[in-house]
Each structure stands twice: as C-alpha cells, then as structure tokens.
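*Asks:* Here you go, input.csv (CSV, C-alpha atoms):
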chain,number,residue,atom,x,y,z
A,1,MET,CA,107.6,104.2,110.6
A,2,LYS,CA,107.2,104.1,114.4
A,3,ALA,CA,108.4,106.5,117.0
A,4,PHE,CA,108.6,106.0,120.7
A,5,VAL,CA,108.3,109.2,122.8
A,6,THR,CA,108.8,109.2,126.6
A,7,GLY,CA,107.2,112.1,128.5
A,8,SER,CA,104.7,112.4,125.7
A,9,GLY,CA,102.4,114.6,127.8
A,10,GLY,CA,105.1,117.1,128.5
A,11,LEU,CA,106.0,120.2,126.5
A,12,ILE,CA,108.6,118.7,124.1
A,13,GLY,CA,107.2,115.2,124.1
A,14,SER,CA,103.7,116.3,123.1
A,15,GLU,CA,105.0,118.6,120.4
A,16,CYS,CA,107.0,115.8,119.0
A,17,VAL,CA,103.9,113.6,119.0
A,18,ARG,CA,101.9,116.3,117.1
A,19,LEU,CA,104.7,116.8,114.5
A,20,LEU,CA,105.4,113.1,113.9
A,21,ALA,CA,101.7,112.0,113.9
A,22,SER,CA,100.9,114.8,111.4
A,23,GLU,CA,103.7,113.6,109.1
A,24,GLY,CA,102.4,110.0,109.0
A,25,TRP,CA,104.4,108.3,111.8
A,26,ASP,CA,102.8,105.8,114.2
A,27,VAL,CA,103.7,107.1,117.6
A,28,VAL,CA,103.8,105.3,120.9
A,29,GLY,CA,103.8,107.6,123.9
A,30,VAL,CA,104.9,106.9,127.4
A,31,ASP,CA,103.7,109.2,130.3
A,32,ASN,CA,102.4,108.4,133.8
A,33,ASP,CA,101.8,112.0,134.9
A,34,MET,CA,104.6,112.0,137.4
A,35,ARG,CA,104.6,115.8,136.8
A,36,GLN,CA,101.4,116.0,138.9
A,37,THR,CA,103.2,114.2,141.7
A,38,PHE,CA,106.1,116.6,141.5
A,39,PHE,CA,104.2,119.9,141.1
A,40,GLY,CA,100.6,119.3,142.2
A,41,PRO,CA,97.4,119.6,140.1
A,42,GLY,CA,98.7,122.6,138.1
A,43,GLY,CA,101.4,120.4,136.7
A,44,THR,CA,99.3,117.5,135.4
A,45,THR,CA,99.9,116.3,131.9
A,46,ARG,CA,96.6,114.2,131.7
A,47,PRO,CA,94.7,116.8,129.6
A,48,VAL,CA,97.5,116.9,127.1
A,49,VAL,CA,97.6,113.1,126.8
A,50,GLN,CA,93.8,113.0,126.4
A,51,ASP,CA,94.0,115.6,123.6
A,52,LEU,CA,96.7,113.6,121.8
A,53,VAL,CA,94.6,110.4,122.0
A,54,ARG,CA,91.5,112.3,120.7
A,55,ARG,CA,93.2,114.1,117.9
A,56,PHE,CA,95.7,111.6,116.5
A,57,PRO,CA,94.5,108.1,115.5
A,58,ARG,CA,98.2,107.2,114.9
A,59,TYR,CA,99.0,107.9,118.6
A,60,ARG,CA,98.9,105.1,121.1
A,61,HIS,CA,99.5,105.7,124.8
A,62,ILE,CA,101.2,103.6,127.4
A,63,ASP,CA,100.9,104.5,131.1
A,64,LEU,CA,104.4,103.5,132.1
A,65,ASP,CA,106.9,104.6,134.6
A,66,ILE,CA,110.4,104.7,133.1
A,67,ARG,CA,111.8,103.6,136.4
A,68,ASP,CA,110.1,100.2,135.8
A,69,ARG,CA,113.0,98.5,134.1
A,70,GLN,CA,111.2,95.4,133.0
A,71,GLY,CA,108.2,97.4,131.8
A,72,VAL,CA,110.5,99.5,129.7
A,73,ARG,CA,112.2,96.4,128.3
A,74,ASP,CA,108.9,94.8,127.5
A,75,ALA,CA,107.7,98.0,125.7
A,76,PHE,CA,110.8,98.2,123.6
A,77,GLN,CA,110.8,94.5,122.8
A,78,ALA,CA,107.2,94.7,121.6
A,79,GLU,CA,107.4,98.0,119.7
A,80,ARG,CA,111.0,98.1,118.3
A,81,PRO,CA,110.6,101.7,117.2
A,82,ASN,CA,112.5,103.3,114.3
A,83,PHE,CA,113.0,106.6,116.3
A,84,ILE,CA,113.2,107.3,120.0
A,85,ILE,CA,112.7,110.7,121.7
A,86,HIS,CA,113.4,110.6,125.4
A,87,THR,CA,112.0,113.6,127.2
A,88,ALA,CA,110.6,112.1,130.4
A,89,ALA,CA,112.2,113.7,133.5
A,90,GLN,CA,112.0,115.3,136.9
A,91,PRO,CA,112.5,118.7,135.4
A,92,SER,CA,112.8,121.1,138.3
A,93,HIS,CA,116.1,122.6,139.4
A,94,ASP,CA,114.6,123.6,142.8
A,95,LYS,CA,112.3,120.6,143.5
A,96,ALA,CA,115.1,118.1,143.2
A,97,ALA,CA,116.7,119.0,146.5
A,98,SER,CA,113.7,117.8,148.4
A,99,ILE,CA,113.2,114.6,146.4
A,100,PRO,CA,116.8,113.4,145.6
A,101,TYR,CA,115.9,109.7,145.3
A,102,ASP,CA,113.0,110.4,143.0
A,103,ASP,CA,115.0,112.9,141.0
A,104,PHE,CA,117.9,110.5,140.4
A,105,ASP,CA,115.8,107.5,139.8
A,106,VAL,CA,113.8,109.2,137.1
A,107,ASN,CA,116.5,111.2,135.5
A,108,ALA,CA,119.5,108.9,135.7
A,109,VAL,CA,118.2,105.4,136.2
A,110,GLY,CA,115.2,106.0,134.0
A,111,THR,CA,117.5,107.1,131.2
A,112,MET,CA,119.7,104.0,131.7
A,113,ASN,CA,116.6,101.8,131.4
A,114,ILE,CA,115.8,103.5,128.1
A,115,LEU,CA,119.4,103.2,126.8
A,116,VAL,CA,119.8,99.5,127.6
A,117,ALA,CA,116.4,98.6,126.1
A,118,ALA,CA,117.1,100.6,123.0
A,119,ARG,CA,120.5,98.9,122.6
A,120,ASP,CA,119.0,95.4,123.1
A,121,PHE,CA,116.0,95.8,120.8
A,122,CYS,CA,116.5,98.6,118.3
A,123,LYS,CA,120.2,99.6,118.4
A,124,ASP,CA,120.3,101.4,115.1
A,125,SER,CA,117.3,103.6,115.8
A,126,PRO,CA,118.2,107.3,116.3
A,127,LEU,CA,117.6,108.5,119.9
A,128,CYS,CA,117.3,112.1,120.9
A,129,PHE,CA,117.8,112.9,124.6
A,130,THR,CA,116.7,116.1,126.2
A,131,SER,CA,119.5,117.1,128.5
A,132,THR,CA,119.8,120.5,130.1
A,133,ASN,CA,122.1,123.5,130.3
A,134,LYS,CA,122.2,122.8,134.0
A,135,VAL,CA,124.8,120.1,133.3
A,136,TYR,CA,127.2,123.1,133.2
A,137,GLY,CA,126.3,123.9,136.8
A,138,ASP,CA,127.2,127.4,137.8
A,139,ARG,CA,130.3,127.5,135.6
A,140,PRO,CA,128.6,130.0,133.2
A,141,ASN,CA,128.5,132.4,136.2
A,142,TYR,CA,132.3,132.6,136.1
A,143,LEU,CA,132.5,133.7,132.5
A,144,PRO,CA,133.2,137.4,131.9
A,145,LEU,CA,129.9,139.3,132.3
A,146,VAL,CA,128.8,143.0,132.0
A,147,GLU,CA,125.9,144.5,133.8
A,148,LEU,CA,123.6,146.6,131.6
A,149,ASP,CA,120.5,148.5,132.6
A,150,LYS,CA,118.1,145.6,132.2
A,151,ARG,CA,120.3,142.5,131.8
A,152,TYR,CA,123.6,140.8,132.2
A,153,ASP,CA,125.4,139.9,129.1
A,154,TYR,CA,128.7,138.7,127.7
A,155,PRO,CA,131.1,141.5,126.7
A,156,ASP,CA,131.9,139.9,123.4
A,157,GLY,CA,128.2,139.4,122.5
A,158,GLY,CA,128.7,135.7,122.1
A,159,GLY,CA,127.2,132.6,123.7
A,160,ILE,CA,128.0,129.3,125.4
A,161,ASN,CA,129.2,126.4,123.3
A,162,GLU,CA,129.7,122.7,124.0
A,163,SER,CA,133.4,123.1,125.0
A,164,LEU,CA,132.4,124.5,128.5
A,165,SER,CA,133.4,122.1,131.2
A,166,ILE,CA,130.7,120.4,133.2
A,167,ASP,CA,133.1,119.4,136.0
A,168,ASN,CA,134.2,121.0,139.4
A,169,CYS,CA,131.3,123.3,139.9
A,170,LEU,CA,127.9,123.6,141.7
A,171,HIS,CA,125.1,121.9,139.8
A,172,SER,CA,122.1,121.5,142.0
A,173,ILE,CA,120.8,117.9,142.6
A,174,PHE,CA,118.8,118.2,139.3
A,175,GLY,CA,121.9,119.2,137.4
A,176,ALA,CA,123.9,116.3,138.8
A,177,SER,CA,121.2,113.7,137.9
A,178,LYS,CA,121.0,115.1,134.4
A,179,VAL,CA,124.8,115.0,134.1
A,180,ALA,CA,124.7,111.3,134.9
A,181,ALA,CA,122.1,110.8,132.2
A,182,ASP,CA,123.9,113.1,129.7
A,183,VAL,CA,127.2,111.3,130.1
A,184,MET,CA,125.6,107.9,129.9
A,185,CYS,CA,123.9,108.8,126.6
A,186,GLN,CA,127.2,110.0,125.2
A,187,GLU,CA,128.8,106.7,126.4
A,188,PHE,CA,126.2,104.5,124.8
A,189,GLY,CA,126.5,106.5,121.6
A,190,ARG,CA,130.3,106.2,121.4
A,191,TYR,CA,130.9,102.8,123.1
A,192,PHE,CA,128.1,100.9,121.4
A,193,GLN,CA,128.1,103.1,118.3
A,194,MET,CA,124.4,104.0,118.8
A,195,PRO,CA,122.9,107.1,117.0
A,196,VAL,CA,122.3,109.0,120.2
A,197,GLY,CA,122.0,112.8,120.2
A,198,ILE,CA,122.3,114.8,123.5
A,199,PHE,CA,120.5,118.2,123.4
A,200,ARG,CA,121.3,120.5,126.3
A,201,GLY,CA,118.2,122.6,126.4
A,202,GLY,CA,118.1,126.2,127.7
A,203,CYS,CA,114.6,127.6,128.2
A,204,LEU,CA,112.3,125.4,126.1
A,205,THR,CA,108.9,127.0,125.9
A,206,GLY,CA,105.6,127.0,124.2
A,207,PRO,CA,101.9,127.5,125.0
A,208,MET,CA,101.3,123.9,125.9
A,209,HIS,CA,103.7,124.1,128.8
A,210,SER,CA,102.1,122.9,132.1
A,211,ALA,CA,103.9,125.7,133.8
A,212,VAL,CA,104.3,126.1,137.6
A,213,GLU,CA,106.5,128.4,139.7
A,214,LEU,CA,109.3,125.8,139.9
A,215,HIS,CA,109.4,125.0,136.2
A,216,GLY,CA,108.3,126.7,133.0
A,217,TYR,CA,109.5,130.3,133.6
A,218,LEU,CA,108.1,132.1,130.5
A,219,VAL,CA,104.6,130.6,130.5
A,220,TYR,CA,104.4,130.9,134.2
A,221,ILE,CA,105.2,134.6,134.2
A,222,VAL,CA,102.6,135.2,131.4
A,223,ILE,CA,100.0,133.3,133.5
A,224,CYS,CA,100.9,135.6,136.4
A,225,ALA,CA,100.5,138.8,134.3
A,226,LEU,CA,97.2,137.7,132.8
A,227,SER,CA,95.7,136.5,136.1
A,228,GLY,CA,97.0,139.2,138.4
A,229,LYS,CA,99.0,136.7,140.5
A,230,GLU,CA,102.2,138.0,142.0
A,231,TYR,CA,105.4,136.8,140.4
A,232,LYS,CA,108.5,136.5,142.6
A,233,ILE,CA,112.0,137.3,141.2
A,234,TYR,CA,114.8,135.5,142.9
A,235,GLY,CA,118.1,137.4,142.9
A,236,TYR,CA,120.4,138.9,140.3
A,237,LYS,CA,118.3,142.1,140.3
A,238,GLY,CA,115.9,140.5,137.8
A,239,LYS,CA,118.6,140.9,135.2
A,240,GLN,CA,119.2,137.1,134.7
A,241,VAL,CA,119.0,136.2,131.0
A,242,ARG,CA,117.8,133.1,129.2
A,243,ASP,CA,117.4,132.2,125.5
A,244,GLN,CA,113.9,131.0,124.6
A,245,ILE,CA,113.2,128.3,122.0
A,246,HIS,CA,109.8,127.1,121.0
A,247,SER,CA,108.9,123.5,121.4
A,248,ARG,CA,108.0,123.2,117.7
A,249,ASP,CA,111.5,124.2,116.7
A,250,VAL,CA,112.8,121.6,119.0
A,251,ALA,CA,110.6,118.9,117.5
A,252,ARG,CA,111.7,119.9,114.0
A,253,LEU,CA,115.3,119.7,115.0
A,254,PHE,CA,114.8,116.2,116.4
A,255,LEU,CA,113.5,115.1,113.0
A,256,GLU,CA,116.6,116.5,111.4
A,257,PHE,CA,118.7,114.4,113.8
A,258,TYR,CA,116.7,111.4,112.7
A,259,ALA,CA,117.5,112.1,109.1
A,260,HIS,CA,121.2,112.8,109.9
A,261,PRO,CA,122.1,111.0,113.1
A,262,ARG,CA,125.5,110.9,114.9
A,263,CYS,CA,126.8,108.7,117.7
A,264,GLY,CA,127.0,110.4,121.1
A,265,GLU,CA,127.1,114.0,119.9
A,266,VAL,CA,126.3,116.8,122.3
A,267,TYR,CA,124.5,120.0,121.2
A,268,ASN,CA,123.6,123.2,123.1
A,269,LEU,CA,120.0,123.9,122.3
A,270,GLY,CA,118.3,127.3,122.9
A,271,GLY,CA,116.9,130.3,121.2
A,272,GLY,CA,120.3,131.9,120.7
A,273,ARG,CA,121.1,135.6,121.1
A,274,GLN,CA,118.1,136.8,119.0
A,275,ASN,CA,115.7,135.0,121.4
A,276,SER,CA,117.5,136.0,124.7
A,277,ILE,CA,115.6,138.0,127.3
A,278,SER,CA,116.0,138.9,131.0
A,279,ILE,CA,113.2,138.9,133.6
A,280,LEU,CA,113.2,142.7,133.6
A,281,GLU,CA,113.0,142.8,129.8
A,282,THR,CA,110.2,140.2,130.0
A,283,ILE,CA,108.2,142.5,132.4
A,284,ASP,CA,108.7,145.5,130.1
A,285,ARG,CA,107.6,143.5,127.0
A,286,LEU,CA,104.5,142.3,128.8
A,287,ALA,CA,103.7,145.8,129.8
A,288,ASP,CA,104.1,147.0,126.2
A,289,MET,CA,101.6,144.4,125.2
A,290,GLY,CA,99.1,145.6,127.7
A,291,HIS,CA,99.8,143.1,130.5
A,292,LYS,CA,101.3,144.7,133.6
A,293,LEU,CA,102.9,142.2,136.0
A,294,ARG,CA,102.6,142.4,139.7
A,295,TYR,CA,105.9,141.2,141.2
A,296,SER,CA,108.1,141.1,144.3
A,297,TYR,CA,111.8,140.6,144.7
A,298,SER,CA,113.9,138.4,146.9
A,299,PRO,CA,117.7,139.2,146.8
A,300,GLU,CA,118.6,135.5,147.4
A,301,ASN,CA,119.1,133.7,144.1
A,302,ARG,CA,118.2,130.1,143.5
A,303,VAL,CA,121.1,127.8,144.4
A,304,GLY,CA,123.3,127.2,141.3
A,305,ASP,CA,121.1,129.4,139.1
A,306,HIS,CA,122.7,131.0,136.0
A,307,ILE,CA,123.1,134.7,135.9
A,308,CYS,CA,123.2,134.7,132.1
A,309,TYR,CA,122.8,131.8,129.7
A,310,ILE,CA,122.7,132.3,125.9
A,311,SER,CA,123.3,129.2,123.7
A,312,ASP,CA,125.9,129.3,120.9
A,313,LEU,CA,124.1,127.4,118.2
A,314,THR,CA,127.1,127.2,115.8
A,315,LYS,CA,127.5,123.4,116.1
A,316,LEU,CA,123.8,122.8,115.6
A,317,HIS,CA,123.7,124.8,112.4
A,318,SER,CA,126.9,123.2,111.2
A,319,HIS,CA,125.5,119.6,111.6
A,320,PHE,CA,121.9,120.4,110.6
A,321,PRO,CA,122.1,123.2,108.0
A,322,ASN,CA,118.5,122.6,106.9
A,323,TRP,CA,117.2,123.6,110.4
A,324,ARG,CA,116.2,127.1,111.2
A,325,GLN,CA,114.1,128.5,114.0
A,326,GLU,CA,110.7,129.6,112.9
A,327,TYR,CA,109.6,131.2,116.2
A,328,THR,CA,110.9,134.7,117.1
A,329,LEU,CA,110.5,136.1,120.6
A,330,ASN,CA,107.6,138.2,119.4
A,331,ARG,CA,105.8,135.1,118.0
A,332,ILE,CA,106.5,133.1,121.1
A,333,PHE,CA,105.0,135.8,123.4
A,334,ALA,CA,102.0,136.3,121.1
A,335,GLU,CA,101.2,132.6,121.0
A,336,ILE,CA,101.5,132.0,124.7
A,337,ILE,CA,99.4,135.1,125.6
A,338,GLU,CA,96.7,134.1,123.1
A,339,THR,CA,96.5,130.5,124.3
A,340,ARG,CA,96.5,131.5,128.0
A,341,GLN,CA,93.9,134.2,127.5
A,342,ALA,CA,91.6,131.6,125.8
A,343,ARG,CA,92.1,129.2,128.7
A,344,LEU,CA,91.3,131.9,131.3
A,345,SER,CA,88.1,132.8,129.3
A,346,GLU,CA,87.1,129.1,129.2
A,347,HIS,CA,87.7,128.8,132.9
A,348,ALA,CA,85.7,132.0,133.7
A,349,ALA,CA,82.8,130.7,131.6
A,350,THR,CA,82.6,127.5,133.6
Take the structure in the file and give it back as structure tokens.

*Replies:*
Amino acid sequence: MKAFVTGSGGLIGSECVRLLASEGWDVVGVDNDMRQTFFGPGGTTRPVVQDLVRRFPRYRHIDLDIRDRQGVRDAFQAERPNFIIHTAAQPSHDKAASIPYDDFDVNAVGTMNILVAARDFCKDSPLCFTSTNKVYGDRPNYLPLVELDKRYDYPDGGGINESLSIDNCLHSIFGASKVAADVMCQEFGRYFQMPVGIFRGGCLTGPMHSAVELHGYLVYIVICALSGKEYKIYGYKGKQVRDQIHSRDVARLFLEFYAHPRCGEVYNLGGGRQNSISILETIDRLADMGHKLRYSYSPENRVGDHICYISDLTKLHSHFPNWRQEYTLNRIFAEIIETRQARLSEHAAT
C-alpha cells in the first residue's frame, strides 16, 4: 500500500509518515520547506525531512511545491497512491495578512491542485484534509461565555460542533483561504463521490512542532519557559482557551478514516474538554512543573482570534468508535518539555 503525504515535514504530516511507515506502508512525502520562507530559520522543516529519510527506508521524498499544478499532476499520475493526507499549508492566522497572494495560492489553489489530480488518477483513494477551526471565523466569540478566574468557558460545559455557521463573520485572511479549501474538499467529496474527509483542527500539537511565535502556541510557550525568552499574551486577559490534541492521535484518526471513509464529511478535531486549557492555566501548569514563564501582556487581541474554542467530538466518536485519544494534557506537556530540554542541552553542548 502506498500513501501520499503533503507537508510531510510539518507536525501532522511527519507524524503520519512515522505511523504509516512503521505499519508497512510505502510513503511518498511532499514538502519544499515553505515554512522557512514564511517564518524564517526557526520554522524550517528540513531537519524533520532528513530524519524521516534516514529512519524510514519506506519513505521517499519529493521536493515539490503544491502550487505547481503540472508537478502535482505528474506526481499523482506516477504514484497513484491508495491513501492521501493533505497537510501542506500556510498555517499562520497572523502571517496571512501580509502575504495574501501566497496564503491563498498555497491554501486554496494548492488544495484544488491536489483534489483535481486525485480525482483524475486515484479517485477512490481516501483523502484526509487538515482544515482549521478558523473556518468558523469569530463566530465562536458570539456564543454565550462565562468569565472564570483563569479562563473563559461555555456556561453549559459543552463544545463547538460542526453545525456552527462559517458564514457572515470575520475570518482573517488565513481563515478565508482555508474556507475556500474546506468547501472545495466537501464539494469534490459530494459532487464526484470521492472519499474526502475534512478535519477542522483546533490546537494540533506535539514535540516535533517547528514552533514560532506566529504558529505553534503550546510548543512555543514551552520553548519560552525553558529558554527564559519573554512570551507575549495578546488580549482576552490571557483567559483564551484552546483544546490540545497530540499529532499522534491525529495520525491514528486519519488511519481510521482510511478504513472507514465517507464522501465530503466534515469533522471538528481537537482535544475536547478534557484537553482544554487557557494561557493563564498553561503558565500555572508550567510553574507547577518547575518552569516559570516570563511574559508580558498586550490588551489588543489578534484580529478574529477566538476567545474560547473547545471541540465537540461527538460526531468523530460516532463515525469512528474505535478511535480514542491516547494523549492527555499531562502527557502532552511532559513529552514536549522532555524533548525541548534535550534539544536545548544538545545546543548548549555544541
């Protein structure tokens, strides 16, 4: 069996490569390190790709830009994969405003290139698309919220499900480009009856995240705590909430979709209530683990940013009853801290 993974050097893409290759799949990965172009040297995915090539004989890398329509078609025609995981993206909510052409060309046009090539050369192969909760724009901010001591929350203790409208709200340029890709994936799934799953991710995290200030919140705040770098909180009193899900749990879910595909289905994907945490709660947790964070506060929030976002995973569990999260918040924090401490030690030694 052969899988085709775009963004194979990124957090989710590389985790999917590790899982699939370890389970006997041949994996073709596509990544051209656009992340370094977006975020500078700290965002590069090159070391991750080199590690995949070194560790997994079943992994084969293609340095391809998904905006290259003919290049994408040639790759799909040559490979004809049994399974497609599309994670390549311009991923930053904030960065998109300064690079709107690049953002749309990568997120929307790149996704169209993948969809058309998949339709033409391997129409029946399940395809997982990593969308984002930013497709809901700032609509979650208009849901009833209560302000608690260290977080905002929903008064009913619930979460956000897939019925929330994505229309008539402020999205950010990034959110809008991902809406275009999200809806097109739905359309190809339904119109052409292709097994396409759309996964609207919340905070996807893990120790392999090439985190920077503009993307990769949890790993970046841990890096700041361990290195003594100041972390800047933007608005909402630091009480904004996200639900964290580990990249390994995401990769395992995608394998479940491969086994039980559906055409054009949308799923909210996050850690759920048990893995939800605010910035203030994150700071407290790090302090309890012996890592005091130095931080400053700006009262101006990021444009279109969510005050509180906790995924309702009811639909996911209904469609994929064999899938369960293996990573609790405690395990996520411990693994990220251990990995980052080891990297800091290696850096200090050199």

*Asks:* Which residues of segment 39-155 of chain A have any atom within 10 Å of an atom in segment 159-183 of chain A when counting only C-alpha atoms, and what is the closest pair of atoms for each, with the distance in Å to one decimal? Order the rows by chain and rising number and write it as a tab-separated table.

*Replies:*
residue	atom	partner	partner_atom	distance
A:Ala89	CA	A:Lys178	CA	9.0
A:Gln90	CA	A:Phe174	CA	7.8
A:Pro91	CA	A:Phe174	CA	7.4
A:Ser92	CA	A:Phe174	CA	6.7
A:His93	CA	A:Phe174	CA	5.2
A:Asp94	CA	A:Phe174	CA	7.7
A:Lys95	CA	A:Phe174	CA	8.1
A:Ala96	CA	A:Phe174	CA	5.4
A:Ala97	CA	A:Ile173	CA	5.8
A:Ser98	CA	A:Ile173	CA	9.2
A:Ile99	CA	A:Ile173	CA	9.1
A:Pro100	CA	A:Ile173	CA	6.7
A:Tyr101	CA	A:Ile173	CA	9.9
A:Asp103	CA	A:Phe174	CA	6.7
A:Phe104	CA	A:Ser177	CA	5.2
A:Asp105	CA	A:Ser177	CA	8.4
A:Val106	CA	A:Ser177	CA	8.7
A:Asn107	CA	A:Ser177	CA	5.8
A:Ala108	CA	A:Ala181	CA	4.8
A:Val109	CA	A:Ala181	CA	7.8
A:Gly110	CA	A:Ala181	CA	8.6
A:Thr111	CA	A:Ala181	CA	6.0
A:Met112	CA	A:Ala181	CA	7.2
A:Leu115	CA	A:Ala181	CA	9.7
A:Phe129	CA	A:Asp182	CA	8.0
A:Thr130	CA	A:Asp182	CA	8.5
A:Ser131	CA	A:Asp182	CA	6.1
A:Thr132	CA	A:Lys178	CA	7.0
A:Asn133	CA	A:Gly175	CA	8.3
A:Lys134	CA	A:Gly175	CA	5.0
A:Val135	CA	A:Gly175	CA	5.1
A:Tyr136	CA	A:Ile166	CA	4.4
A:Gly137	CA	A:His171	CA	3.8
A:Asp138	CA	A:Leu170	CA	5.5
A:Arg139	CA	A:Cys169	CA	6.1
A:Pro140	CA	A:Ile160	CA	7.9
A:Leu143	CA	A:Ile160	CA	9.5
A:Asp153	CA	A:Gly159	CA	9.3
A:Tyr154	CA	A:Gly159	CA	7.4

*Asks:* Keeping only C-alpha atoms, take the residues you just selected and write them out as a PDB file, in the coordinates of the input.

*Replies:*
ATOM      1  CA  ALA A  89     112.200 113.700 133.500  1.00  0.00           C
ATOM      2  CA  GLN A  90     112.000 115.300 136.900  1.00  0.00           C
ATOM      3  CA  PRO A  91     112.500 118.700 135.400  1.00  0.00           C
ATOM      4  CA  SER A  92     112.800 121.100 138.300  1.00  0.00           C
ATOM      5  CA  HIS A  93     116.100 122.600 139.400  1.00  0.00           C
ATOM      6  CA  ASP A  94     114.600 123.600 142.800  1.00  0.00           C
ATOM      7  CA  LYS A  95     112.300 120.600 143.500  1.00  0.00           C
ATOM      8  CA  ALA A  96     115.100 118.100 143.200  1.00  0.00           C
ATOM      9  CA  ALA A  97     116.700 119.000 146.500  1.00  0.00           C
ATOM     10  CA  SER A  98     113.700 117.800 148.400  1.00  0.00           C
ATOM     11  CA  ILE A  99     113.200 114.600 146.400  1.00  0.00           C
ATOM     12  CA  PRO A 100     116.800 113.400 145.600  1.00  0.00           C
ATOM     13  CA  TYR A 101     115.900 109.700 145.300  1.00  0.00           C
ATOM     14  CA  ASP A 103     115.000 112.900 141.000  1.00  0.00           C
ATOM     15  CA  PHE A 104     117.900 110.500 140.400  1.00  0.00           C
ATOM     16  CA  ASP A 105     115.800 107.500 139.800  1.00  0.00           C
ATOM     17  CA  VAL A 106     113.800 109.200 137.100  1.00  0.00           C
ATOM     18  CA  ASN A 107     116.500 111.200 135.500  1.00  0.00           C
ATOM     19  CA  ALA A 108     119.500 108.900 135.700  1.00  0.00           C
ATOM     20  CA  VAL A 109     118.200 105.400 136.200  1.00  0.00           C
ATOM     21  CA  GLY A 110     115.200 106.000 134.000  1.00  0.00           C
ATOM     22  CA  THR A 111     117.500 107.100 131.200  1.00  0.00           C
ATOM     23  CA  MET A 112     119.700 104.000 131.700  1.00  0.00           C
ATOM     24  CA  LEU A 115     119.400 103.200 126.800  1.00  0.00           C
ATOM     25  CA  PHE A 129     117.800 112.900 124.600  1.00  0.00           C
ATOM     26  CA  THR A 130     116.700 116.100 126.200  1.00  0.00           C
ATOM     27  CA  SER A 131     119.500 117.100 128.500  1.00  0.00           C
ATOM     28  CA  THR A 132     119.800 120.500 130.100  1.00  0.00           C
ATOM     29  CA  ASN A 133     122.100 123.500 130.300  1.00  0.00           C
ATOM     30  CA  LYS A 134     122.200 122.800 134.000  1.00  0.00           C
ATOM     31  CA  VAL A 135     124.800 120.100 133.300  1.00  0.00           C
ATOM     32  CA  TYR A 136     127.200 123.100 133.200  1.00  0.00           C
ATOM     33  CA  GLY A 137     126.300 123.900 136.800  1.00  0.00           C
ATOM     34  CA  ASP A 138     127.200 127.400 137.800  1.00  0.00           C
ATOM     35  CA  ARG A 139     130.300 127.500 135.600  1.00  0.00           C
ATOM     36  CA  PRO A 140     128.600 130.000 133.200  1.00  0.00           C
ATOM     37  CA  LEU A 143     132.500 133.700 132.500  1.00  0.00           C
ATOM     38  CA  ASP A 153     125.400 139.900 129.100  1.00  0.00           C
ATOM     39  CA  TYR A 154     128.700 138.700 127.700  1.00  0.00           C
TER      40      TYR A 154
END

*Asks:* Show me, as a tab-separated table, the residues of segment 153-258 of chain A having an atom within 6 Å of segment 291-302 of chain A, each with the closest atom pair and its distance in Å, using only C-alpha atoms.

*Replies:*
residue	atom	partner	partner_atom	distance
A:Ala225	CA	A:Leu293	CA	4.5
A:Glu230	CA	A:Tyr295	CA	5.0
A:Tyr231	CA	A:Tyr295	CA	4.5
A:Lys232	CA	A:Ser296	CA	4.9
A:Ile233	CA	A:Tyr297	CA	4.8
A:Tyr234	CA	A:Asn301	CA	4.8
A:Gly235	CA	A:Asn301	CA	4.0

*Asks:* How would the residues just picked look written out with C-alpha atoms as a compact mmCIF listing (two decimals), keeping the file's coordinate frame?

*Replies:*
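File selection23.txt, as written:
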# COMPACT_ATOMS: atom_id res chain seq x y z
CA ALA A 225 100.50 138.80 134.30
CA GLU A 230 102.20 138.00 142.00
CA TYR A 231 105.40 136.80 140.40
CA LYS A 232 108.50 136.50 142.60
CA ILE A 233 112.00 137.30 141.20
CA TYR A 234 114.80 135.50 142.90
CA GLY A 235 118.10 137.40 142.90

*Asks:* Tell me, as a ChimeraX atom specification, which residues lie within 6 Å of Thr6 of chain A, counting only C-alpha atoms; anything in the same chain fewer than 2 positions away does not count.

*Replies:* /A:8,29-30,86-88

*Asks:* Pick from A:Arg54, A:Arg67, A:Arg273, A:His347: nearest to Cys308 of chain A, with all atoms listed in the file counted?

*Replies:* A:Arg273

*Asks:* So which residues touch Gly40 of chain A within 12 Å, counting all atoms listed in the file, skipping near sequence neighbours fewer than 2 positions away, as a count of residues only?

*Replies:* 16

*Asks:* One number please: atom CA of Tyr220 of chain A to atom CA of Asp312 of chain A, in Å, one decimal.

*Replies:*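 Result for atom CA of Tyr220 of chain A versus atom CA of Asp312 of chain A: 25.3 Å, one decimal.
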
*Asks:* Fewer than 4 positions away in the same chain doesn't count, so skip those; otherwise give me all residues within 10 Å of Leu20 of chain A, counting only C-alpha atoms, as a list of chain:residue names.

*Replies:*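 Once the adjacent positions are removed, what remains is A:Met1, A:Lys2, A:Ala3, A:Ser14, A:Glu15, A:Cys16, A:Gly24, A:Trp25, A:Asp26, A:Val27, A:Arg58, A:Tyr59, A:Ala251, A:Arg252, A:Leu255.
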
*Asks:* Nearest residue to His306 of chain A out of A:Val222, A:Leu145, A:Ile84, A:Leu280, using all atoms listed in the file?

*Replies:*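 Distance minimum relative to His306 of chain A lands on A:Leu145.
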
*Asks:* Considering all atoms listed in the file, return as a PDB file with C-alpha atoms, keeping the file's coordinate frame whatever protein or nucleic-acid residues lie within 8 Å of segment 338-343 of chain A, sequence-local ones (same chain, fewer than 3 positions apart) excluded.

*Replies:*
ATOM      1  CA  PRO A 207     101.900 127.500 125.000  1.00  0.00           C
ATOM      2  CA  VAL A 222     102.600 135.200 131.400  1.00  0.00           C
ATOM      3  CA  ILE A 223     100.000 133.300 133.500  1.00  0.00           C
ATOM      4  CA  LEU A 226      97.200 137.700 132.800  1.00  0.00           C
ATOM      5  CA  ALA A 334     102.000 136.300 121.100  1.00  0.00           C
ATOM      6  CA  GLU A 335     101.200 132.600 121.000  1.00  0.00           C
ATOM      7  CA  GLU A 346      87.100 129.100 129.200  1.00  0.00           C
ATOM      8  CA  HIS A 347      87.700 128.800 132.900  1.00  0.00           C
TER       9      HIS A 347
END

*Asks:* By how many Å are atom CA of Phe121 of chain A and atom CA of Ala21 of chain A apart?

*Replies:*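 Between these atoms lies a distance of 22.7 Å.
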
*Asks:* Excluding same-chain residues fewer than 4 positions from Leu269 of chain A, what lies within 9 Å of it counting only C-alpha atoms, as a VMD selection string?

*Replies:* chain A and resid 132 to 133 199 to 204 245 250 311 to 313 316

*Asks:* From the list A:Lys239, A:Arg73, A:His317, A:Arg55, which residue is nearest Asp149 of chain A when using only C-alpha atoms?

*Replies:*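 Closest candidate: A:Lys239.
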
*Asks:* Any idea what the distance is between atom CA of Tyr258 of chain A and atom CA of Val49 of chain A?

*Replies:*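 For atom CA of Tyr258 of chain A relative to atom CA of Val49 of chain A, the distance reads 23.8 Å.
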
*Asks:* Draw an axis-aligned box over all listed atoms of segment 72-79 of chain A, pad each side with 4 Å, and write its centre and edge lengths in Å, one decimal, as AutoDock Vina command-line options.

*Replies:*
--center_x 109.7 --center_y 97.0 --center_z 124.7 --size_x 13.0 --size_y 13.0 --size_z 18.0
